[in-house]
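Working notes for the structure below.
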Amino acid sequence: MIFIKERFPARVNFIFLVIFLLASCSVQVDEEQPAATLGENITTVYETTATEIITTAELIVDVTEAETQEIITSTEEITTEVATTVPVTTTLEITTAAVTEPPETEPVTEPPPAAVSKNIPVFMYHTSSENNPGGLAELYVKPSEFEKQIKYIIDNGYTLCTLDDWYNLNNIDKPVFITFDDGYKENYTEIFPVLQKYNAKITIFLTIDNMAAENFTAEMIREMSDSGLVKFESHTISHPDLPSVSSNDERLIRELGDSKKQIEELTGKPVIALAYPGGGYNAKVIERARVYYKFGLTVIHGRHNTGAHSDFEIRRLRMNRSTSINAFINMLGG
């Protein structure tokens, strides 16, 4: 009753009190009274009670809308107070117990393009030799010429990047990419010393089967990767013409997926890019490449325009043994 007194006006309290008394009343029966008298008394009590109930009902009807709203508001306050008494830890324990399935993994979304209508020079090399180029002589750029090219890049304010920098190109002054395909031992013996001298970064697209054929060892690859100057990406397992094998999904998965996995195990770093062997690709190859990579590199000649060209059709500038320093500067953009 104390609670009701604090919460409701006196008029409402009176109504509740009357109802409470009526509900509590009972007919006192004297066992010695005659039956007729007893019946008359009961009738009188019931009539009196009925009159009191009607009167009480009329009082209830007289309660104003404002008072009714106050009762409703007070009831909501009571409910709120009761709800807040439930310990938070109890609710959390119940919720945790009810969870039987792990939450769904957040969908992976591609980052926004790095730049709009920005021409990026991405150079494509293969291997290096000063005097004995071997069978495919044009693939063997002289180490002395390569050093001239790297020095020009450094001296003229360009920034050497890897594909890990691609989505930040807007914030990089004069970005340029140096890439090597296949994975030759000379990348370690001839090119790596130049990189160390100038603290220059490059990317090597590694063909897994080429390692044994070229004696390009896991130890060499790890040393280059650990230096922070060389990022290894995928050039497939066996260097096939990908459009020719694209109808064989099992083969395509091996060439793209397994090569990525093996290089990541070898270097301990994510592999995010694929260079199409021989530059060959089609819609099926790109579709499957998107499962494993963020970028695909072609042999289409020219600077890559980030606004006009797809990240899975990145263009490159081919470097040969016969490429002069002036030709290199022109391709770089002056």
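Note on naming: chains are A, B, ... as they come in the structure tokens, residues start from 1 per chain, ligands start from 1 in the order shown.
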Each residue of stretch 246-277 of chain A lying at most 10 Å from stretch 309-327 of chain A should get a row with its shortest atom-to-atom pair and the distance in Å to one decimal, counting only C-alpha atoms; could you produce that, ordered by chain and increasing number, as CSV?
residue,atom,partner,partner_atom,distance
A:Ala273,CA,A:Phe312,CA,8.9
A:Leu274,CA,A:Phe312,CA,8.6
A:Ala275,CA,A:Ile314,CA,9.1
A:Tyr276,CA,A:Glu313,CA,9.6
Keeping C-alpha atoms, export the residues of the selection given above as a compact mmCIF listing (two decimals), in the first residue's frame.
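The resulting file, result.txt, is shown below:
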# COMPACT_ATOMS: atom_id res chain seq x y z
CA ALA A 273 49.15 -11.41 -58.17
CA LEU A 274 49.41 -13.67 -61.21
CA ALA A 275 51.40 -13.05 -64.40
CA TYR A 276 49.77 -15.00 -67.24
Can you tell me which residues surround A:Ser238 at a distance of at most 8 Å, considering only C-alpha atoms, apart from same-chain residues fewer than 5 positions away, and format the answer as an MDAnalysis selection string? chainID A and resid 207:210 255
Put those residues in a file: N, CA and C atoms, as a short mmCIF file (atom, residue, chain, number, x, y, z; two decimals), in the first residue's frame.
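See selection29.cif below for the written result:
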data_model
loop_
_atom_site.label_atom_id
_atom_site.label_comp_id
_atom_site.auth_asym_id
_atom_site.auth_seq_id
_atom_site.Cartn_x
_atom_site.Cartn_y
_atom_site.Cartn_z
N THR A 207 57.71 -19.30 -61.51
CA THR A 207 57.17 -20.57 -62.01
C THR A 207 57.77 -21.68 -61.15
N ILE A 208 56.92 -22.46 -60.48
CA ILE A 208 57.41 -23.44 -59.51
C ILE A 208 58.35 -24.45 -60.17
N ASP A 209 57.96 -24.98 -61.32
CA ASP A 209 58.80 -26.00 -61.97
C ASP A 209 60.13 -25.43 -62.47
N ASN A 210 60.21 -24.13 -62.62
CA ASN A 210 61.44 -23.51 -63.12
C ASN A 210 62.54 -23.47 -62.06
N GLU A 255 47.23 -25.02 -61.41
CA GLU A 255 48.19 -24.03 -61.90
C GLU A 255 48.07 -22.71 -61.13
#
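Here atom CA of A:Asp249 and atom CA of A:Pro270 stand 23.3 Å from one another.
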Under the rule that only C-alpha atoms are counted, which of A:Ser128, A:Gln149, A:Asn171, A:Ser234 is the nearest residue to A:Glu186?
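Smallest distance to A:Glu186 is found for A:Ser128.
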Please measure the separation of atom CA of A:Phe232 and atom CA of A:Phe123, giving the value in Å to one decimal.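 Separation between atom CA of A:Phe232 and atom CA of A:Phe123: 15.5 Å.
Near A:Pro175, within 8 Å and counting only C-alpha atoms, sit A:Ile120, A:Pro121, A:Tyr158, A:Thr159, A:Leu160, A:Cys161, A:Leu169; same-chain residues fewer than 5 positions away were not included.
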Exercise for the section: Write out as number ranges by chain which residues come within 7 Å of stretch 217-221 of chain A when counting only C-alpha atoms, dropping same-chain ones fewer than 4 positions away. Expected result: A: 188, 211, 225
A:Ala289 proximity check over A:Leu266, A:Ile253, A:Ala308, A:Leu136, using only C-alpha atoms: winner is A:Ile253
Practice prompt. Please identify which residues in stretch 223-262 of chain A DSSP calls strand (DSSP E) from the backbone, and express them as a list in words.
Written response: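 Of stretch 223-262 of chain A, only Val230, Lys231, Phe232, Glu233 and Ser234 of chain A fall in strand (DSSP E).
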**Study point:** Top pick for closest residue to A:Lys142, considering A:Lys269, A:Glu190, A:Asp182, A:Phe328 and counting only C-alpha atoms
**Key:**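 Among A:Lys269, A:Glu190, A:Asp182, A:Phe328, it is A:Glu190 that comes nearest to A:Lys142.
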**Asked** Residues at most 12 Å from stretch 129-135 of chain A, counting only C-alpha atoms, excluding those fewer than 2 positions away in the same chain, as a PyMOL selection string?
**Response** chain A and resi 126-127+137-147+184-191+320-322
Write out as a Markdown table the residues of stretch 215-255 of chain A that have any atom within 12 Å of an atom of stretch 294-301 of chain A, one row each with the nearest atom pair and its distance in Å to one decimal, counting only C-alpha atoms, sorted by chain and then rising number.
| residue | atom | partner | partner_atom | distance |
| --- | --- | --- | --- | --- |
| A:Glu233 | CA | A:Phe295 | CA | 10.2 |
| A:Ser234 | CA | A:Gly296 | CA | 9.7 |
| A:His235 | CA | A:Leu297 | CA | 9.7 |
| A:Thr236 | CA | A:Gly296 | CA | 11.8 |
